[in-house]
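K.L.:
Contents of input.csv (CSV, C-alpha atoms) are given next:
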chain,number,residue,atom,x,y,z
O,18,MET,CA,-106.3,242.3,60.8
O,19,ALA,CA,-105.3,245.9,60.9
O,20,LEU,CA,-102.0,246.7,62.6
O,21,PHE,CA,-101.5,250.1,64.1
O,22,ARG,CA,-98.5,251.9,65.5
O,23,ASP,CA,-100.2,255.2,66.2
O,24,ILE,CA,-103.0,255.5,68.7
O,25,GLN,CA,-104.8,258.3,66.8
O,26,ALA,CA,-105.0,256.1,63.6
O,27,PHE,CA,-106.4,253.3,65.8
O,28,ARG,CA,-109.1,255.6,67.2
O,29,GLU,CA,-110.1,256.8,63.8
O,30,ALA,CA,-110.5,253.2,62.6
O,31,SER,CA,-112.2,252.0,65.7
O,32,PRO,CA,-113.9,254.7,67.9
O,33,ARG,CA,-115.0,252.1,70.4
O,34,ALA,CA,-113.4,248.7,71.2
O,35,VAL,CA,-113.0,245.8,73.6
O,36,ILE,CA,-109.3,245.9,74.5
O,37,ALA,CA,-107.1,243.0,75.7
O,38,ILE,CA,-103.8,244.3,77.0
O,39,GLY,CA,-100.6,242.3,77.2
O,40,ASN,CA,-97.5,241.2,75.3
O,41,PHE,CA,-99.2,238.0,74.2
O,42,ASP,CA,-95.8,236.5,73.2
O,43,GLY,CA,-96.5,233.1,71.7
O,44,VAL,CA,-100.3,233.6,71.7
O,45,HIS,CA,-100.4,230.5,73.7
O,46,ALA,CA,-103.3,228.5,75.2
O,47,GLY,CA,-103.6,230.9,78.1
O,48,HIS,CA,-103.6,233.9,75.9
O,49,ARG,CA,-106.3,232.4,73.7
O,50,HIS,CA,-108.5,231.9,76.8
O,51,VAL,CA,-108.4,235.7,77.4
O,52,LEU,CA,-108.7,236.6,73.7
O,53,ALA,CA,-111.7,234.4,73.1
O,54,GLU,CA,-113.5,236.3,75.9
O,55,ALA,CA,-112.5,239.6,74.3
O,56,VAL,CA,-114.1,238.4,71.0
O,57,ARG,CA,-117.2,237.3,72.7
O,58,LEU,CA,-117.7,240.6,74.5
O,59,ALA,CA,-117.0,242.5,71.3
O,60,ASP,CA,-119.6,240.5,69.4
O,61,ALA,CA,-122.1,241.1,72.1
O,62,SER,CA,-121.4,244.8,72.1
O,63,ALA,CA,-121.2,245.2,68.3
O,64,VAL,CA,-117.7,246.8,68.6
O,65,ALA,CA,-114.3,245.7,67.5
O,66,ALA,CA,-112.1,243.2,69.4
O,67,ALA,CA,-108.6,244.6,69.7
O,68,VAL,CA,-105.3,243.9,71.3
O,69,LEU,CA,-103.0,246.6,72.9
O,70,THR,CA,-99.4,245.4,73.0
O,71,PHE,CA,-96.0,247.0,73.3
O,72,ASP,CA,-93.1,247.1,70.9
O,73,PRO,CA,-90.4,246.7,71.9
O,74,HIS,CA,-91.3,244.3,74.8
O,75,PRO,CA,-91.0,246.3,78.1
O,76,VAL,CA,-88.4,243.8,79.3
O,77,ARG,CA,-86.3,244.6,76.2
O,78,TYR,CA,-86.6,248.3,77.0
O,79,PHE,CA,-85.4,248.0,80.6
O,80,ARG,CA,-82.9,245.1,80.0
O,81,PRO,CA,-81.5,245.6,76.5
O,82,GLU,CA,-78.5,243.3,77.3
O,83,LEU,CA,-80.7,240.2,77.7
O,84,PRO,CA,-80.4,237.6,74.9
O,85,GLU,CA,-83.3,237.2,72.5
O,86,PHE,CA,-86.4,235.8,74.2
O,87,ARG,CA,-89.4,236.4,71.9
O,88,LEU,CA,-91.4,233.3,71.0
O,89,THR,CA,-93.1,235.3,68.2
O,90,THR,CA,-92.3,238.3,66.0
O,91,LEU,CA,-94.9,241.0,65.9
O,92,THR,CA,-96.0,239.9,62.4
O,93,GLU,CA,-96.5,236.3,63.7
O,94,ARG,CA,-98.5,237.6,66.6
O,95,ALA,CA,-100.7,239.6,64.2
O,96,LEU,CA,-101.5,236.5,62.1
O,97,LEU,CA,-102.2,234.3,65.2
O,98,LEU,CA,-104.5,237.0,66.7
O,99,GLU,CA,-106.3,237.4,63.4
O,100,ASP,CA,-107.1,233.6,63.4
O,101,ILE,CA,-108.7,234.0,66.8
O,102,GLY,CA,-111.0,236.8,65.6
O,103,ILE,CA,-109.1,239.9,66.8
O,104,ALA,CA,-109.8,242.8,64.4
O,105,HIS,CA,-107.2,245.3,65.4
O,106,LEU,CA,-103.7,245.2,66.9
O,107,LEU,CA,-102.2,248.4,68.3
O,108,ALA,CA,-98.5,248.0,68.9
O,109,MET,CA,-97.5,251.0,71.0
O,110,PRO,CA,-93.8,252.0,71.1
O,111,PHE,CA,-92.6,251.3,74.6
O,112,ASP,CA,-90.4,254.3,75.4
O,113,ALA,CA,-89.4,256.6,78.3
O,114,GLU,CA,-92.7,258.5,78.0
O,115,LEU,CA,-94.8,255.4,78.3
O,116,ALA,CA,-92.6,253.9,81.0
O,117,GLY,CA,-92.9,257.1,83.1
O,118,GLN,CA,-96.7,257.3,83.0
O,119,SER,CA,-98.7,257.0,86.3
O,120,PRO,CA,-101.5,254.4,86.4
O,121,GLN,CA,-104.0,257.3,86.3
O,122,THR,CA,-102.4,258.9,83.2
O,123,PHE,CA,-102.2,255.5,81.4
O,124,VAL,CA,-105.9,254.9,82.0
O,125,GLN,CA,-107.0,258.4,81.0
O,126,GLN,CA,-104.7,259.0,78.0
O,127,ILE,CA,-104.5,255.4,76.6
O,128,LEU,CA,-107.7,253.7,77.5
O,129,VAL,CA,-110.2,256.5,77.7
O,130,ASP,CA,-109.0,259.3,75.4
O,131,GLY,CA,-106.8,257.0,73.2
O,132,VAL,CA,-108.5,253.7,72.3
O,133,GLY,CA,-112.0,254.3,73.5
O,134,ALA,CA,-112.2,251.1,75.5
O,135,SER,CA,-115.6,249.8,76.5
O,136,HIS,CA,-114.1,246.7,78.2
O,137,VAL,CA,-110.6,245.9,79.2
O,138,LEU,CA,-109.2,242.4,79.6
O,139,VAL,CA,-105.9,241.6,81.4
O,140,GLY,CA,-104.3,238.6,83.2
O,141,GLU,CA,-104.3,238.4,87.0
O,142,GLY,CA,-100.6,239.3,87.2
O,143,PHE,CA,-101.0,242.5,85.1
O,144,ARG,CA,-99.0,245.5,86.3
O,145,PHE,CA,-98.8,248.9,84.6
O,146,GLY,CA,-97.6,252.5,85.1
O,147,HIS,CA,-94.3,253.9,86.4
O,148,LYS,CA,-92.3,251.3,88.4
O,149,ARG,CA,-95.3,248.9,87.9
O,150,ALA,CA,-97.3,250.9,90.5
O,151,GLY,CA,-100.6,249.8,89.1
O,152,ASP,CA,-102.2,246.3,89.6
O,153,THR,CA,-105.5,244.8,88.6
O,154,GLN,CA,-107.4,246.4,91.5
O,155,ILE,CA,-106.1,249.8,90.7
O,156,LEU,CA,-107.0,249.3,87.1
O,157,THR,CA,-110.5,248.2,88.0
O,158,ASP,CA,-111.0,251.2,90.2
O,159,LEU,CA,-109.7,253.7,87.7
O,160,CYS,CA,-111.7,252.2,84.8
O,161,LYS,CA,-114.9,252.0,86.9
O,162,ALA,CA,-114.7,255.8,87.3
O,163,ALA,CA,-114.5,256.0,83.5
O,164,ASP,CA,-117.4,253.6,82.9
O,165,ILE,CA,-115.0,250.9,81.5
O,166,GLU,CA,-115.6,247.3,82.6
O,167,VAL,CA,-112.5,245.3,83.6
O,168,HIS,CA,-112.2,241.6,83.2
O,169,VAL,CA,-109.3,239.9,85.0
O,170,ALA,CA,-108.5,236.4,83.7
O,171,SER,CA,-107.1,233.8,86.1
O,172,LEU,CA,-104.1,231.7,85.3
O,173,HIS,CA,-104.8,229.0,82.7
O,174,GLU,CA,-103.7,225.4,83.2
O,175,VAL,CA,-103.1,222.6,80.8
O,176,GLY,CA,-102.5,219.1,82.2
O,177,GLY,CA,-102.1,220.5,85.7
O,178,HIS,CA,-99.4,223.0,84.5
O,179,VAL,CA,-99.8,226.8,84.4
O,180,VAL,CA,-99.5,228.1,80.9
O,181,SER,CA,-97.0,230.9,80.5
O,182,SER,CA,-94.5,232.3,78.0
O,183,THR,CA,-91.8,231.6,80.5
O,184,ALA,CA,-92.7,227.9,80.7
O,185,ILE,CA,-92.8,227.6,77.0
O,186,ARG,CA,-89.4,229.3,76.6
O,187,ALA,CA,-87.9,226.8,79.1
O,188,ALA,CA,-89.4,223.8,77.3
O,189,LEU,CA,-88.1,225.2,73.9
O,190,SER,CA,-84.6,225.7,75.4
O,191,ARG,CA,-84.4,221.9,76.0
O,192,ALA,CA,-86.1,221.0,72.7
O,193,ASP,CA,-89.1,219.5,74.6
O,194,PHE,CA,-91.6,219.9,71.8
O,195,ASP,CA,-94.3,217.8,73.5
O,196,THR,CA,-94.5,220.4,76.3
O,197,VAL,CA,-94.1,223.3,73.8
O,198,ARG,CA,-97.0,221.9,71.8
O,199,SER,CA,-99.2,221.3,74.9
O,200,LEU,CA,-98.7,224.8,76.3
O,201,LEU,CA,-98.8,226.7,73.0
O,202,GLY,CA,-101.8,224.7,71.7
O,203,ARG,CA,-99.9,224.3,68.4
O,204,ASN,CA,-96.5,223.5,67.1
O,205,PHE,CA,-93.7,226.1,67.4
O,206,VAL,CA,-93.1,228.0,64.1
O,207,VAL,CA,-90.6,230.4,62.6
O,208,THR,CA,-91.4,232.6,59.7
O,209,GLY,CA,-88.8,234.1,57.4
O,210,ASN,CA,-87.6,234.8,53.8
O,211,VAL,CA,-85.4,232.3,51.9
O,212,VAL,CA,-82.1,233.9,51.0
O,213,HIS,CA,-79.0,232.7,49.2
O,214,GLY,CA,-76.4,230.9,51.3
O,215,ASP,CA,-73.0,229.4,50.5
O,216,ALA,CA,-74.6,226.5,48.5
O,217,ARG,CA,-72.5,224.0,50.6
O,218,GLY,CA,-75.6,221.8,51.2
O,219,ARG,CA,-76.3,221.7,47.5
O,220,ALA,CA,-72.8,220.6,46.7
O,221,MET,CA,-73.2,217.8,49.3
O,222,GLY,CA,-76.4,216.6,47.8
O,223,TYR,CA,-78.7,218.2,50.4
O,224,PRO,CA,-79.8,221.6,48.9
O,225,THR,CA,-81.3,223.7,51.7
O,226,ALA,CA,-83.5,226.7,52.0
O,227,ASN,CA,-81.6,229.3,54.1
O,228,VAL,CA,-84.4,231.0,56.1
O,229,ALA,CA,-83.6,234.5,57.3
O,230,THR,CA,-85.9,235.6,60.2
O,231,GLU,CA,-86.2,238.5,62.6
O,232,PRO,CA,-84.3,238.2,65.9
O,233,ARG,CA,-86.3,235.8,68.1
O,234,LEU,CA,-85.9,232.8,70.3
O,235,LEU,CA,-84.9,229.6,68.5
O,236,PRO,CA,-84.6,226.0,69.7
O,237,PRO,CA,-81.1,224.7,70.6
O,238,ASP,CA,-78.6,224.1,67.8
O,239,GLY,CA,-79.3,220.8,66.1
O,240,ILE,CA,-81.5,218.9,63.5
O,241,TYR,CA,-85.3,218.9,63.6
O,242,ALA,CA,-88.2,217.2,61.8
O,243,THR,CA,-90.2,220.0,60.4
O,244,TRP,CA,-92.9,221.0,57.9
O,245,LEU,CA,-92.0,223.8,55.5
O,246,TYR,CA,-94.9,226.0,54.2
O,247,GLU,CA,-94.7,228.3,51.2
O,248,GLY,CA,-98.1,229.7,50.2
O,249,ASP,CA,-100.6,226.9,50.2
O,250,ARG,CA,-97.9,224.2,49.8
O,251,ARG,CA,-96.5,222.1,52.6
O,252,TYR,CA,-93.2,220.2,52.3
O,253,PRO,CA,-91.8,217.6,54.8
O,254,SER,CA,-88.4,218.7,55.7
O,255,ALA,CA,-85.4,218.3,58.0
O,256,THR,CA,-84.2,221.6,59.4
O,257,TYR,CA,-80.8,222.6,60.8
O,258,VAL,CA,-80.4,225.3,63.4
O,259,GLY,CA,-76.8,226.3,64.2
O,260,THR,CA,-73.5,227.7,63.2
O,261,ARG,CA,-72.1,224.9,61.0
O,262,PRO,CA,-69.1,224.0,63.3
O,263,THR,CA,-67.8,221.4,60.8
O,264,PHE,CA,-67.0,224.3,58.5
O,265,GLU,CA,-66.0,226.8,61.2
O,266,GLY,CA,-69.2,228.9,60.7
O,267,GLU,CA,-70.0,231.8,63.0
O,268,ASP,CA,-73.5,233.1,62.1
O,269,ARG,CA,-76.4,231.1,63.4
O,270,ARG,CA,-78.6,229.9,60.5
O,271,ILE,CA,-81.9,228.1,59.9
O,272,GLU,CA,-81.6,225.7,56.9
O,273,SER,CA,-84.4,223.5,55.7
O,274,PHE,CA,-84.0,220.5,53.4
O,275,VAL,CA,-87.1,219.4,51.6
O,276,LEU,CA,-87.6,215.6,51.8
O,277,ASP,CA,-88.6,213.4,48.9
O,278,ALA,CA,-88.9,216.3,46.4
O,279,LYS,CA,-90.1,215.2,43.0
O,280,GLY,CA,-88.0,217.8,41.3
O,281,PRO,CA,-86.3,221.2,42.0
O,282,VAL,CA,-88.1,223.2,44.7
O,283,ASP,CA,-87.4,226.9,44.0
O,284,LEU,CA,-87.9,228.8,47.3
O,285,TYR,CA,-85.5,231.7,46.9
O,286,GLU,CA,-86.9,235.0,48.0
O,287,LYS,CA,-90.1,233.3,49.1
O,288,ASP,CA,-91.7,233.9,52.5
O,289,VAL,CA,-91.9,230.6,54.3
O,290,VAL,CA,-93.0,229.1,57.6
O,291,VAL,CA,-91.0,226.4,59.4
O,292,GLU,CA,-93.1,224.3,61.8
O,293,PHE,CA,-91.0,222.3,64.3
O,294,VAL,CA,-92.4,218.8,65.0
O,295,GLY,CA,-89.5,216.9,66.7
O,296,HIS,CA,-85.9,216.9,67.7
O,297,VAL,CA,-83.6,214.6,65.8
O,298,ARG,CA,-80.2,215.3,67.5
O,299,GLY,CA,-78.0,218.1,68.8
O,300,ASP,CA,-75.4,219.9,66.7
O,301,ALA,CA,-71.9,218.4,66.4
O,302,LYS,CA,-68.6,219.0,64.6
O,303,PHE,CA,-67.5,216.3,62.2
O,304,ASP,CA,-64.0,215.4,61.1
O,305,SER,CA,-64.9,215.7,57.4
O,306,ALA,CA,-67.6,216.6,55.0
O,307,GLU,CA,-67.9,212.9,54.2
O,308,ALA,CA,-68.6,212.1,57.8
O,309,LEU,CA,-71.2,214.8,58.0
O,310,MET,CA,-72.9,213.5,54.8
O,311,ALA,CA,-73.2,210.0,56.3
O,312,GLN,CA,-74.8,211.5,59.4
O,313,MET,CA,-77.2,213.6,57.3
O,314,ALA,CA,-78.5,210.5,55.6
O,315,LEU,CA,-79.4,209.2,59.1
O,316,ASP,CA,-80.9,212.5,60.1
O,317,VAL,CA,-83.1,212.5,57.0
O,318,ALA,CA,-84.4,209.0,57.8
O,319,ALA,CA,-85.1,210.0,61.4
O,320,ALA,CA,-87.0,213.2,60.3
O,321,LYS,CA,-89.1,211.2,57.9
O,322,LYS,CA,-90.0,208.7,60.6
O,323,MET,CA,-91.0,211.5,63.0
O,324,LEU,CA,-93.2,213.3,60.5
O,325,LYS,CA,-95.0,210.0,59.7
O,326,SER,CA,-95.7,209.1,63.4
Turn this file's structure into structure tokens for me.

P.N.:
Amino acid sequence: MALFRDIQAFREASPRAVIAIGNFDGVHAGHRHVLAEAVRLADASAVAAAVLTFDPHPVRYFRPELPEFRLTTLTERALLLEDIGIAHLLAMPFDAELAGQSPQTFVQQILVDGVGASHVLVGEGFRFGHKRAGDTQILTDLCKAADIEVHVASLHEVGGHVVSSTAIRAALSRADFDTVRSLLGRNFVVTGNVVHGDARGRAMGYPTANVATEPRLLPPDGIYATWLYEGDRRYPSATYVGTRPTFEGEDRRIESFVLDAKGPVDLYEKDVVVEFVGHVRGDAKFDSAEALMAQMALDVAAAKKMLKS
């Protein structure tokens, strides 16, 4: 997977490409339906399959005051897209210039002169151009004049439910991992780097990996049954998300405790992936460290049971 921020560099690497356009936040089951078609068309045309996305997310540009809503960081999206067979990812800066382009300018400057699109794939709700003036019909008409074939994907359903990033965010906000898993087509994951914390967990007999991640949406504060990946190693784990109210904490943390370790597990400064499997309980403030330790023993047992089921 080649990640580009500059459209000229993208064109030099790939003079002609099948382009799927969208934010693809989560790279969920519906996204993969579109992306698989992009890969098929690219293979048939002997050109690269590529994704054109925007960073920051257009919603973040227009509504900077909104709380974090991304299901995936750009790095996570790149890895997921690579697994599907996408060769190139162009993450264009979404700024005032791009936001102010007319649909005609977008097609000519970005799709024709910029990425050299042979085919363009979008979802049926796709809008583009200044004040979202362009829709799929306008895109189709403009691209036809430039000899670019447009494919509009219909909404994708799983179990009778339309798959969307919005629906996944809603399910994640209530820690409904069965629905999250169904709509994503995989478990929800968080990637990050293990940093030094305050070592309070170690002192209590539960040494944790403090996972620092980019700003992104997280499940509600609480305890979760998780798998922790570092390189090609996978560890069963119980993960805490929250501010540590028992100790008057303020910053929100992700802390993973490796279960049944056969010895010290040194994860400091390592890049890890936390895969969320199930919700053990919500966060709570305890009267003492001893009361918290007693609950943690129950949490560990519950996490083990979930990971074995």

K.L.:
Could you tell me how far atom CA of Leu234 of chain O sits from atom CA of Glu93 of chain O, in Å to one decimal place?

P.N.:
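Spanning atom CA of Glu93 of chain O to atom CA of Leu234 of chain O is a straight-line distance of 13.0 Å.
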
K.L.:
Taking 3 positions as the minimum chain separation for residues in the same chain, which residues sit within 10 Å of segment 23-31 of chain O when counting only C-alpha atoms? Answer as number ranges by chain.

P.N.:
O: 19-20, 34, 64-67, 69, 104-110, 127, 130-134

K.L.:
Nearest residue to Leu201 of chain O out of O:Lys322, O:His74, O:Arg49, O:Arg149, using all atoms listed in the file?

P.N.:
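Checking each of O:Lys322, O:His74, O:Arg49, O:Arg149 against Leu201 of chain O, counting all atoms listed in the file, the winner is O:Arg49.
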
K.L.:
Please indicate the distance in Å from atom CA of Phe205 of chain O to atom CA of Leu235 of chain O, rounded to one decimal place.

P.N.:
9.5 Å

K.L.:
Nearest residue to Ile36 of chain O out of O:Ala226, O:Ala278, O:Ile165, O:Ala63, using only C-alpha atoms?

P.N.:
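Among the listed residues, O:Ile165 lies closest to Ile36 of chain O.
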
K.L.:
Enter the distance from atom CA of Glu82 of chain O to atom CA of Tyr257 of chain O, in Å, rounded to one decimal.

P.N.:
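Pair atom CA of Glu82 of chain O / atom CA of Tyr257 of chain O returns 26.6 Å.
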
K.L.:
I'd like to know which of O:Glu114, O:Glu292, O:Asp193, O:Glu272 is closest to Tyr78 of chain O, using all atoms listed in the file.

P.N.:
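Closest residue, counting all atoms listed in the file: O:Glu114.
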
K.L.:
Kindly indicate which residue among O:Phe21, O:Phe71, O:Tyr223, O:Phe293 lies nearest to Gly239 of chain O, using all atoms listed in the file for the distances.

P.N.:
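For Gly239 of chain O, the nearest of the given residues is O:Phe293.
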